[in-house]
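Undergrad: Okay, so here is run.txt, and as you'll see once you scroll down, it has compact mmCIF, C-alpha atoms.
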```
# COMPACT_ATOMS: atom_id res chain seq x y z
CA MET J 540 -19.21 -11.23 60.03
CA ASN J 541 -20.96 -8.70 57.78
CA ILE J 542 -21.63 -10.48 54.50
CA THR J 543 -22.17 -8.13 51.57
CA ARG J 544 -22.88 -8.90 47.94
CA ARG J 545 -19.28 -7.95 47.09
CA SER J 546 -17.66 -10.06 49.82
CA PHE J 547 -19.89 -13.00 48.93
CA GLY J 548 -18.91 -12.75 45.27
CA LEU J 549 -15.20 -12.55 46.06
CA GLY J 550 -15.46 -15.48 48.44
CA ALA J 551 -17.23 -17.59 45.86
CA LEU J 552 -14.60 -16.68 43.28
CA ALA J 553 -11.80 -17.65 45.66
CA ALA J 554 -13.46 -20.98 46.39
CA ALA J 555 -13.93 -21.69 42.70
CA SER J 556 -10.27 -20.95 42.00
CA THR J 557 -9.25 -23.89 44.22
CA LEU J 558 -11.18 -26.38 42.09
CA ALA J 559 -9.44 -28.31 39.32
CA LEU J 560 -11.65 -27.28 36.38
CA PRO J 561 -11.06 -28.81 32.94
CA ALA J 562 -9.92 -26.40 30.18
CA TRP J 563 -12.93 -27.12 27.99
CA ALA J 564 -12.36 -24.22 25.55
CA LEU J 565 -8.57 -23.98 25.53
CA ALA J 566 -7.40 -23.32 21.95
CA PRO J 567 -3.79 -23.86 20.91
CA LEU J 568 -1.72 -20.85 19.84
CA ALA J 569 -1.87 -20.48 16.06
CA GLY J 570 1.47 -18.76 15.59
CA VAL J 571 0.50 -17.45 12.13
CA GLN J 572 -1.69 -14.68 10.75
CA VAL J 573 -4.79 -15.25 8.67
CA PRO J 574 -4.43 -14.29 4.98
CA GLY J 575 -4.05 -10.55 4.36
CA VAL J 576 -7.22 -9.98 2.33
CA VAL J 577 -9.92 -7.31 2.84
CA ARG J 578 -12.61 -6.29 0.35
CA ARG J 579 -14.55 -3.10 -0.22
CA LYS J 580 -17.14 -1.94 -2.77
CA VAL J 581 -16.79 1.23 -4.81
CA GLY J 582 -19.95 1.42 -6.89
CA SER J 583 -19.95 -1.66 -9.11
CA PHE J 584 -16.23 -2.26 -8.50
CA GLU J 585 -14.97 -4.68 -5.89
CA ILE J 586 -11.63 -3.60 -4.45
CA THR J 587 -9.55 -6.24 -2.67
CA ALA J 588 -6.64 -5.11 -0.51
CA ILE J 589 -3.87 -7.71 -0.63
CA ASN J 590 -1.06 -7.56 1.91
CA ASP J 591 2.37 -8.34 0.48
CA GLY J 592 3.91 -8.23 3.96
CA TYR J 593 5.86 -5.57 5.79
CA THR J 594 9.29 -4.03 5.98
CA ALA J 595 11.01 -1.85 8.55
CA LEU J 596 11.66 1.78 7.66
CA THR J 597 13.71 4.09 9.84
CA ALA J 598 12.83 7.64 10.82
CA ASP J 599 16.03 9.04 9.30
CA LEU J 600 14.64 8.30 5.81
CA PHE J 601 12.34 11.32 6.26
CA SER J 602 13.92 14.75 5.77
CA GLY J 603 13.00 18.41 5.74
CA VAL J 604 12.00 18.94 9.37
CA PRO J 605 13.91 18.35 12.61
CA ALA J 606 14.22 14.73 13.71
CA SER J 607 12.38 15.63 16.91
CA ASP J 608 9.30 16.61 14.88
CA ILE J 609 9.39 13.30 13.01
CA GLU J 610 9.67 11.41 16.30
CA ALA J 611 6.78 13.41 17.77
CA ALA J 612 4.57 12.59 14.78
CA LEU J 613 5.42 8.90 15.15
CA ALA J 614 4.70 9.03 18.88
CA THR J 615 1.10 10.11 18.18
CA VAL J 616 0.49 6.65 16.71
CA ARG J 617 2.76 4.81 19.18
CA GLN J 618 5.53 4.21 16.67
CA GLY J 619 9.22 4.53 17.39
CA THR J 620 12.09 5.41 15.08
CA THR J 621 12.08 1.89 13.59
CA ILE J 622 8.77 1.72 11.76
CA PRO J 623 7.09 -1.57 10.72
CA THR J 624 5.64 -0.57 7.35
CA ALA J 625 3.06 -2.40 5.26
CA VAL J 626 3.41 -3.17 1.59
CA ASN J 627 -0.04 -3.48 0.02
CA THR J 628 -1.31 -4.30 -3.45
CA PHE J 629 -4.89 -4.05 -4.68
CA VAL J 630 -7.20 -5.94 -7.01
CA VAL J 631 -9.82 -3.92 -8.85
CA ASN J 632 -12.54 -6.19 -10.20
CA SER J 633 -15.53 -5.38 -12.38
CA ASP J 634 -17.52 -6.87 -15.23
CA ALA J 635 -14.94 -5.38 -17.59
CA GLY J 636 -11.91 -7.13 -16.12
CA THR J 637 -9.62 -7.81 -13.19
CA TRP J 638 -6.65 -5.52 -12.55
CA LEU J 639 -3.87 -5.82 -10.01
CA ILE J 640 -2.52 -2.48 -8.80
CA ASP J 641 1.20 -3.04 -8.22
CA ALA J 642 2.67 -6.52 -7.80
CA GLY J 643 4.54 -6.46 -4.50
CA SER J 644 8.08 -7.63 -3.83
CA GLY J 645 7.93 -11.17 -5.20
CA PRO J 646 11.12 -13.15 -4.55
CA SER J 647 13.21 -10.06 -3.76
CA GLN J 648 14.81 -9.91 -0.34
CA ALA J 649 15.96 -6.31 -0.81
CA PHE J 650 13.60 -5.02 1.88
CA GLY J 651 13.78 -8.01 4.18
CA PRO J 652 12.28 -11.50 4.47
CA ASN J 653 8.72 -10.52 5.44
CA LEU J 654 7.49 -9.56 1.98
CA GLY J 655 6.45 -11.35 -1.21
CA ARG J 656 3.04 -12.64 -0.11
CA THR J 657 0.90 -11.09 -2.86
CA VAL J 658 0.42 -14.25 -4.93
CA ALA J 659 -0.32 -16.42 -1.87
CA ASN J 660 -2.85 -13.89 -0.59
CA LEU J 661 -4.38 -13.51 -4.05
CA GLU J 662 -4.98 -17.25 -4.06
CA ALA J 663 -6.39 -17.08 -0.53
CA ALA J 664 -8.81 -14.47 -1.91
CA GLY J 665 -9.86 -16.90 -4.64
CA ILE J 666 -7.91 -15.17 -7.42
CA THR J 667 -5.28 -16.98 -9.45
CA PRO J 668 -2.49 -15.15 -11.32
CA ASP J 669 -3.87 -16.21 -14.70
CA GLN J 670 -7.14 -14.41 -13.90
CA ILE J 671 -5.38 -11.04 -13.79
CA ASP J 672 -6.07 -9.13 -17.02
CA GLY J 673 -3.69 -6.29 -16.30
CA VAL J 674 -1.17 -5.03 -13.76
CA ILE J 675 -1.36 -1.27 -13.38
CA LEU J 676 1.84 0.07 -11.84
CA THR J 677 2.01 3.22 -9.75
CA HIS J 678 5.77 3.13 -10.32
CA ALA J 679 8.61 0.65 -10.74
CA HIS J 680 10.39 0.42 -7.40
CA ILE J 681 11.35 -3.02 -6.11
CA ASP J 682 8.38 -3.45 -3.77
CA HIS J 683 5.96 -2.70 -6.61
CA VAL J 684 7.40 -4.64 -9.57
CA GLU J 685 9.47 -7.60 -8.41
CA GLY J 686 6.24 -9.55 -7.89
CA LEU J 687 5.78 -9.54 -11.66
CA VAL J 688 8.36 -12.35 -11.92
CA ASP J 689 9.18 -15.53 -10.04
CA GLY J 690 12.53 -16.67 -8.72
CA SER J 691 13.64 -17.79 -12.19
CA GLY J 692 12.75 -14.46 -13.75
CA ALA J 693 9.66 -15.77 -15.58
CA ALA J 694 6.42 -13.81 -15.81
CA VAL J 695 3.96 -14.65 -13.01
CA PHE J 696 0.86 -13.22 -14.70
CA ALA J 697 0.51 -15.19 -17.91
CA ASN J 698 -2.47 -13.29 -19.33
CA ALA J 699 -1.84 -9.78 -18.04
CA GLU J 700 -0.70 -6.67 -19.80
CA VAL J 701 1.38 -4.20 -17.82
CA VAL J 702 0.15 -0.60 -17.74
CA ILE J 703 2.73 2.02 -16.76
CA HIS J 704 3.20 5.74 -17.27
CA GLU J 705 5.52 6.37 -20.21
CA ASP J 706 7.79 8.64 -18.14
CA GLU J 707 8.28 5.85 -15.61
CA TYR J 708 9.13 3.22 -18.20
CA GLY J 709 11.41 5.59 -20.07
CA PHE J 710 13.33 6.54 -16.92
CA TRP J 711 14.22 3.01 -15.84
CA PHE J 712 15.20 1.91 -19.35
CA ASP J 713 17.32 5.00 -20.05
CA ASP J 714 20.94 3.79 -20.20
CA GLY J 715 22.25 7.32 -19.79
CA MET J 716 20.17 7.88 -16.67
CA MET J 717 21.31 4.57 -15.23
CA ALA J 718 24.95 5.48 -15.88
CA GLN J 719 24.50 8.79 -14.03
CA ALA J 720 22.79 7.20 -11.04
CA PRO J 721 24.79 6.70 -7.85
CA GLU J 722 26.02 3.17 -7.21
CA ALA J 723 23.44 2.70 -4.44
CA ALA J 724 20.65 3.27 -6.98
CA GLN J 725 21.95 0.92 -9.65
CA GLY J 726 19.99 -1.96 -8.15
CA LEU J 727 16.72 -0.07 -8.64
CA PHE J 728 17.36 0.16 -12.39
CA GLU J 729 18.34 -3.50 -12.55
CA SER J 730 15.21 -4.50 -10.64
CA ALA J 731 12.86 -2.53 -12.88
CA ARG J 732 14.42 -3.95 -16.03
CA ARG J 733 14.48 -7.51 -14.72
CA SER J 734 10.83 -7.33 -13.71
CA LEU J 735 9.42 -5.51 -16.73
CA THR J 736 11.38 -7.15 -19.57
CA PRO J 737 9.37 -10.43 -19.58
CA TYR J 738 6.28 -8.31 -20.32
CA ALA J 739 7.91 -6.22 -23.07
CA ASP J 740 5.53 -7.42 -25.77
CA ARG J 741 2.47 -6.75 -23.61
CA THR J 742 3.38 -3.50 -21.91
CA ARG J 743 1.16 -0.48 -22.52
CA GLN J 744 2.96 2.79 -21.88
CA VAL J 745 0.42 5.51 -21.21
CA GLN J 746 0.05 9.16 -20.36
CA ALA J 747 -2.37 10.39 -17.72
CA GLY J 748 -5.95 9.44 -18.53
CA GLU J 749 -8.40 6.56 -18.52
CA VAL J 750 -6.58 3.25 -18.84
CA ALA J 751 -9.62 0.97 -18.41
CA PRO J 752 -13.35 1.64 -17.90
CA GLY J 753 -13.68 3.69 -14.71
CA LEU J 754 -9.93 3.62 -14.00
CA THR J 755 -7.95 6.83 -14.56
CA LEU J 756 -4.22 7.15 -14.08
CA ILE J 757 -3.14 10.53 -12.66
CA HIS J 758 0.50 11.57 -13.00
CA ALA J 759 1.85 12.46 -9.53
CA PRO J 760 5.63 12.69 -10.08
CA GLY J 761 8.44 13.29 -7.65
CA HIS J 762 8.80 10.02 -5.84
CA THR J 763 9.79 8.75 -9.28
CA PRO J 764 9.46 10.59 -12.62
CA GLY J 765 6.39 8.65 -13.68
CA HIS J 766 4.85 7.94 -10.27
CA SER J 767 1.07 7.88 -10.66
CA VAL J 768 -2.07 7.42 -8.60
CA LEU J 769 -5.21 5.60 -9.73
CA HIS J 770 -8.67 7.13 -9.58
CA ILE J 771 -11.56 4.65 -9.51
CA ALA J 772 -15.05 5.90 -10.33
CA SER J 773 -18.37 4.05 -10.51
CA GLY J 774 -21.68 5.90 -10.34
CA ASP J 775 -21.48 8.34 -7.45
CA ASP J 776 -18.68 6.40 -5.73
CA GLU J 777 -14.98 7.06 -6.13
CA MET J 778 -11.65 6.11 -4.62
CA LEU J 779 -8.00 7.04 -5.06
CA ILE J 780 -5.16 4.54 -4.75
CA LEU J 781 -2.27 6.76 -3.70
CA GLY J 782 0.70 4.47 -4.31
CA ASP J 783 3.74 6.00 -2.60
CA THR J 784 2.26 9.46 -2.19
CA LEU J 785 2.70 8.82 1.53
CA HIS J 786 5.15 6.47 3.18
CA ASN J 787 3.88 6.93 6.69
CA ALA J 788 0.34 8.06 7.51
CA ALA J 789 1.42 9.98 10.61
CA ILE J 790 4.47 11.73 9.16
CA HIS J 791 3.30 12.64 5.67
CA THR J 792 -0.06 13.98 6.83
CA ALA J 793 1.40 16.09 9.66
CA TYR J 794 4.29 17.22 7.43
CA PRO J 795 3.23 16.96 3.76
CA ASP J 796 6.42 18.63 2.55
CA VAL J 797 8.75 16.09 4.17
CA GLY J 798 10.98 14.24 1.74
CA PHE J 799 11.60 10.51 1.67
CA GLY J 800 14.91 8.79 1.04
CA PHE J 801 13.80 7.08 -2.18
CA ASP J 802 12.32 10.23 -3.79
CA THR J 803 13.99 11.22 -7.05
CA ASP J 804 12.74 14.80 -6.52
CA ALA J 805 11.53 15.41 -2.96
CA ALA J 806 10.19 18.92 -3.66
CA LEU J 807 8.14 17.70 -6.63
CA ALA J 808 6.92 14.72 -4.60
CA ALA J 809 5.69 17.15 -1.94
CA GLN J 810 3.81 19.19 -4.56
CA SER J 811 2.14 16.03 -5.85
CA ARG J 812 1.30 14.94 -2.31
CA ARG J 813 -0.37 18.24 -1.43
CA ALA J 814 -2.32 18.26 -4.70
CA GLN J 815 -3.74 14.79 -4.06
CA PHE J 816 -4.35 15.43 -0.35
CA ASP J 817 -6.17 18.69 -1.12
CA ARG J 818 -8.40 16.89 -3.60
CA VAL J 819 -9.38 13.90 -1.49
CA ALA J 820 -9.81 16.01 1.67
CA ALA J 821 -12.05 18.54 -0.07
CA ASP J 822 -14.26 15.89 -1.66
CA GLY J 823 -14.17 13.25 1.10
CA ILE J 824 -12.79 10.63 -1.30
CA LEU J 825 -11.88 7.20 0.03
CA VAL J 826 -8.17 6.43 -0.32
CA ALA J 827 -5.83 3.47 -0.05
CA ALA J 828 -2.05 3.40 -0.20
CA THR J 829 0.85 0.99 -0.45
CA HIS J 830 2.50 1.80 2.86
CA VAL J 831 -0.41 2.62 5.18
CA ALA J 832 -1.23 -0.09 7.73
CA PHE J 833 -3.18 -2.90 6.06
CA PRO J 834 -5.81 -2.76 4.63
CA SER J 835 -5.17 1.01 4.31
CA PHE J 836 -8.71 2.10 3.39
CA GLY J 837 -9.26 5.53 4.89
CA TYR J 838 -9.64 9.27 4.44
CA ILE J 839 -7.32 12.27 4.44
CA VAL J 840 -8.77 15.04 6.61
CA ALA J 841 -7.57 18.66 6.33
CA GLU J 842 -6.46 20.36 9.54
CA GLY J 843 -5.23 23.85 8.71
CA ASP J 844 -2.04 23.55 6.66
CA ARG J 845 -1.70 19.92 7.66
CA PHE J 846 -3.73 16.75 7.32
CA ARG J 847 -4.73 13.72 9.33
CA TYR J 848 -5.29 10.13 8.25
CA GLN J 849 -8.60 8.60 9.39
CA GLN J 850 -9.09 4.87 9.01
CA ALA J 851 -12.30 3.81 7.27
CA GLU J 852 -14.68 1.51 9.05
CA PHE J 853 -14.71 -2.13 8.00
CA GLN J 854 -17.35 -2.58 5.31
CA TYR J 855 -19.72 -5.47 5.92
CA PRO J 856 -21.66 -6.73 4.10
CA LEU J 857 -20.20 -5.71 0.76
```
Take the structure from the file and write it as structure tokens.

TA:
Amino acid sequence: MNITRRSFGLGALAAASTLALPAWALAPLAGVQVPGVVRRKVGSFEITAINDGYTALTADLFSGVPASDIEAALATVRQGTTIPTAVNTFVVNSDAGTWLIDAGSGPSQAFGPNLGRTVANLEAAGITPDQIDGVILTHAHIDHVEGLVDGSGAAVFANAEVVIHEDEYGFWFDDGMMAQAPEAAQGLFESARRSLTPYADRTRQVQAGEVAPGLTLIHAPGHTPGHSVLHIASGDDEMLILGDTLHNAAIHTAYPDVGFGFDTDAALAAQSRRAQFDRVAADGILVAATHVAFPSFGYIVAEGDRFRYQQAEFQYPL
């Protein structure tokens, strides 16, 4: 018999496999995820991505190009026509205060049972609701505002003001606009009113501009009338929280002009999307977004008339 190093190794392995070895390092299956919390520094700011959970979108919510193009864009990231989609919120912390950017879905089951984890993940991050000085809203859809209240309708953030673009607040509290809305959209008005009313005496309606030191709200309408993005600047560092500027990183970068089913004005939303994408791509600005896979820190890269989403490397140490 010609014994080689390979045959000897295989023989030894076969012999070892017949022995009854104890499972010294066998760990039980956990069955649960660790808390959805990831931190990043932007100058003197500490940004904490908080995962509220996920919902399932469907490819037919995207319009403006053939369905085959949408499916091809999804295939590049191994997604099918049913798309597990993150819902993220963000804490912006500095010496001047602690702000929560959007509040997640709270007790609402409108988008399924796998949402509403913002408060639990805040607490896992060492942040209690009463430590939030302000909630800055990108807009007032269910998955951004229902987390402002608990199951009884009471305010969750006892010490926080709510900061919202005046066009957004005015739209959802306009009785005439609500009366004109299709029946399927009535629940969106009811949700916004239910979630915002407990904060009526501590709501700051704003126009575009600086809303706190280093934090600038930029009006980016179309998805909703007052939809806004948040620019964070500290020293030479900056970041843009894009809200619902993109609902899928593969689709809305490959096809920036594609509409989304919840847009109030899809053409205007596309204009806002291109404006923000052009800016962050040209300047290499770090971005984060509500519906990009958690923790959603990344970059928008220009590729001709289209774009590409590039995930940022994990930052450690802070």

Undergrad: Measuring between only C-alpha atoms, which one of J:Ala789, J:Leu754, J:Ile671, J:Val701 shows the shortest distance to Gly619 (chain J)?

TA: J:Ala789

Undergrad: Tell me which protein, DNA and RNA residues are within 9 Å of Leu654 (chain J), counting all atoms listed in the file, leaving out same-chain ones fewer than 6 positions away, and put them as number ranges by chain.

TA: J: 590-594, 626, 643-648, 682

Undergrad: Would you compute the distance between CA of His683 (chain J) and CA of Arg818 (chain J)? Give it in Å to one decimal.

TA: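 So the two atoms, CA of His683 (chain J) and CA of Arg818 (chain J), lie 24.5 Å apart.
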
Undergrad: Glu585 (chain J): which residues within 7 Å, counting only C-alpha atoms, same-chain residues fewer than 2 positions away excluded, as a PyMOL selection string?

TA: chain J and resi 578-581+583+587+631-633

Undergrad: Compile the contact shell of Ala699 (chain J) as a PyMOL selection string: residues with an atom at most 12 Å away, counting only C-alpha atoms, same-chain residues fewer than 5 positions apart removed.

TA: chain J and resi 636-640+642+667-675+687+694+737-743

Undergrad: Give me the residues near Asp599 (chain J) as a PDB file with C-alpha atoms, keeping the file's coordinate frame, where near means some atom within 9 Å (using only C-alpha atoms) and where sequence neighbours in that chain fewer than 2 positions away do not count.

TA:
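around_27.pdb, freshly written:
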```
ATOM      1  CA  LEU J 596      11.660   1.780   7.660  1.00  0.00           C
ATOM      2  CA  THR J 597      13.710   4.090   9.840  1.00  0.00           C
ATOM      3  CA  PHE J 601      12.340  11.320   6.260  1.00  0.00           C
ATOM      4  CA  SER J 602      13.920  14.750   5.770  1.00  0.00           C
ATOM      5  CA  ALA J 606      14.220  14.730  13.710  1.00  0.00           C
ATOM      6  CA  ILE J 609       9.390  13.300  13.010  1.00  0.00           C
ATOM      7  CA  THR J 620      12.090   5.410  15.080  1.00  0.00           C
ATOM      8  CA  PHE J 799      11.600  10.510   1.670  1.00  0.00           C
ATOM      9  CA  GLY J 800      14.910   8.790   1.040  1.00  0.00           C
TER      10      GLY J 800
END
```

Undergrad: For a cutoff of 9 Å around the file-coordinate point (-7.0, 6.2, -12.8), which residues qualify once you count only C-alpha atoms? I'd like the result as a list in words.

TA: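 Residues with an atom at most 9 Å from (-7.0, 6.2, -12.8): Ala747, Gly748, Glu749, Val750, Ala751, Gly753, Leu754, Thr755, Leu756, Ile757, Ser767, Val768, Leu769, His770, Ile771, Ala772, Leu779 and Ile780 of chain J.
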
Undergrad: Missing atoms in region 747-758 of chain J should be modelled up to all heavy atoms and reported as an mmCIF file, in the coordinates of the input.

TA:
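Saved as result_27.cif:
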```cif
data_model
loop_
_atom_site.group_PDB
_atom_site.id
_atom_site.type_symbol
_atom_site.label_atom_id
_atom_site.label_comp_id
_atom_site.auth_asym_id
_atom_site.auth_seq_id
_atom_site.Cartn_x
_atom_site.Cartn_y
_atom_site.Cartn_z
ATOM 1 N N ALA J 747 -1.250 10.280 -18.649
ATOM 2 C CA ALA J 747 -2.370 10.390 -17.720
ATOM 3 C C ALA J 747 -3.687 10.287 -18.487
ATOM 4 O O ALA J 747 -3.819 10.804 -19.597
ATOM 5 C CB ALA J 747 -2.289 11.722 -16.977
ATOM 6 N N GLY J 748 -4.647 9.601 -17.893
ATOM 7 C CA GLY J 748 -5.950 9.440 -18.530
ATOM 8 C C GLY J 748 -6.557 8.097 -18.210
ATOM 9 O O GLY J 748 -5.994 7.299 -17.452
ATOM 10 N N GLU J 749 -7.710 7.817 -18.783
ATOM 11 C CA GLU J 749 -8.400 6.560 -18.520
ATOM 12 C C GLU J 749 -7.649 5.406 -19.149
ATOM 13 O O GLU J 749 -7.352 5.416 -20.342
ATOM 14 C CB GLU J 749 -9.840 6.618 -19.048
ATOM 15 C CG GLU J 749 -10.680 5.428 -18.594
ATOM 16 C CD GLU J 749 -12.147 5.572 -18.953
ATOM 17 O OE1 GLU J 749 -12.441 5.679 -20.174
ATOM 18 O OE2 GLU J 749 -12.995 5.578 -18.043
ATOM 19 N N VAL J 750 -7.328 4.404 -18.346
ATOM 20 C CA VAL J 750 -6.580 3.250 -18.840
ATOM 21 C C VAL J 750 -7.448 2.009 -18.942
ATOM 22 O O VAL J 750 -7.050 1.011 -19.557
ATOM 23 C CB VAL J 750 -5.351 2.970 -17.938
ATOM 24 C CG1 VAL J 750 -4.366 4.137 -18.019
ATOM 25 C CG2 VAL J 750 -5.765 2.701 -16.494
ATOM 26 N N ALA J 751 -8.627 2.041 -18.330
ATOM 27 C CA ALA J 751 -9.620 0.970 -18.410
ATOM 28 C C ALA J 751 -10.940 1.621 -17.965
ATOM 29 O O ALA J 751 -10.930 2.702 -17.347
ATOM 30 C CB ALA J 751 -9.260 -0.198 -17.497
ATOM 31 N N PRO J 752 -12.073 1.013 -18.267
ATOM 32 C CA PRO J 752 -13.350 1.640 -17.900
ATOM 33 C C PRO J 752 -13.426 1.965 -16.414
ATOM 34 O O PRO J 752 -13.316 1.079 -15.556
ATOM 35 C CB PRO J 752 -14.373 0.579 -18.296
ATOM 36 C CG PRO J 752 -13.718 -0.186 -19.404
ATOM 37 C CD PRO J 752 -12.272 -0.241 -19.030
ATOM 38 N N GLY J 753 -13.572 3.248 -16.102
ATOM 39 C CA GLY J 753 -13.680 3.690 -14.710
ATOM 40 C C GLY J 753 -12.369 3.860 -13.992
ATOM 41 O O GLY J 753 -12.351 4.275 -12.828
ATOM 42 N N LEU J 754 -11.247 3.553 -14.634
ATOM 43 C CA LEU J 754 -9.930 3.620 -14.000
ATOM 44 C C LEU J 754 -9.074 4.676 -14.713
ATOM 45 O O LEU J 754 -8.774 4.535 -15.910
ATOM 46 C CB LEU J 754 -9.214 2.277 -14.058
ATOM 47 C CG LEU J 754 -9.976 1.071 -13.494
ATOM 48 C CD1 LEU J 754 -9.117 -0.180 -13.579
ATOM 49 C CD2 LEU J 754 -10.423 1.325 -12.071
ATOM 50 N N THR J 755 -8.695 5.718 -13.982
ATOM 51 C CA THR J 755 -7.950 6.830 -14.560
ATOM 52 C C THR J 755 -6.621 6.994 -13.854
ATOM 53 O O THR J 755 -6.571 7.139 -12.629
ATOM 54 C CB THR J 755 -8.759 8.139 -14.453
ATOM 55 O OG1 THR J 755 -9.984 7.994 -15.166
ATOM 56 C CG2 THR J 755 -7.977 9.314 -15.026
ATOM 57 N N LEU J 756 -5.547 6.958 -14.624
ATOM 58 C CA LEU J 756 -4.220 7.150 -14.080
ATOM 59 C C LEU J 756 -3.921 8.652 -14.027
ATOM 60 O O LEU J 756 -4.119 9.375 -15.014
ATOM 61 C CB LEU J 756 -3.189 6.432 -14.958
ATOM 62 C CG LEU J 756 -1.876 6.021 -14.301
ATOM 63 C CD1 LEU J 756 -2.122 4.950 -13.245
ATOM 64 C CD2 LEU J 756 -0.889 5.512 -15.353
ATOM 65 N N ILE J 757 -3.465 9.119 -12.876
ATOM 66 C CA ILE J 757 -3.140 10.530 -12.660
ATOM 67 C C ILE J 757 -1.650 10.633 -12.375
ATOM 68 O O ILE J 757 -1.143 10.012 -11.436
ATOM 69 C CB ILE J 757 -3.945 11.111 -11.483
ATOM 70 C CG1 ILE J 757 -5.446 10.986 -11.751
ATOM 71 C CG2 ILE J 757 -3.561 12.560 -11.212
ATOM 72 C CD1 ILE J 757 -6.313 11.302 -10.537
ATOM 73 N N HIS J 758 -0.944 11.402 -13.189
ATOM 74 C CA HIS J 758 0.500 11.570 -13.000
ATOM 75 C C HIS J 758 0.741 12.367 -11.725
ATOM 76 O O HIS J 758 0.226 13.469 -11.549
ATOM 77 C CB HIS J 758 1.073 12.301 -14.217
ATOM 78 C CG HIS J 758 2.563 12.268 -14.291
ATOM 79 N ND1 HIS J 758 3.295 13.233 -14.962
ATOM 80 C CD2 HIS J 758 3.487 11.392 -13.806
ATOM 81 C CE1 HIS J 758 4.575 12.956 -14.887
ATOM 82 N NE2 HIS J 758 4.722 11.844 -14.193
#
```
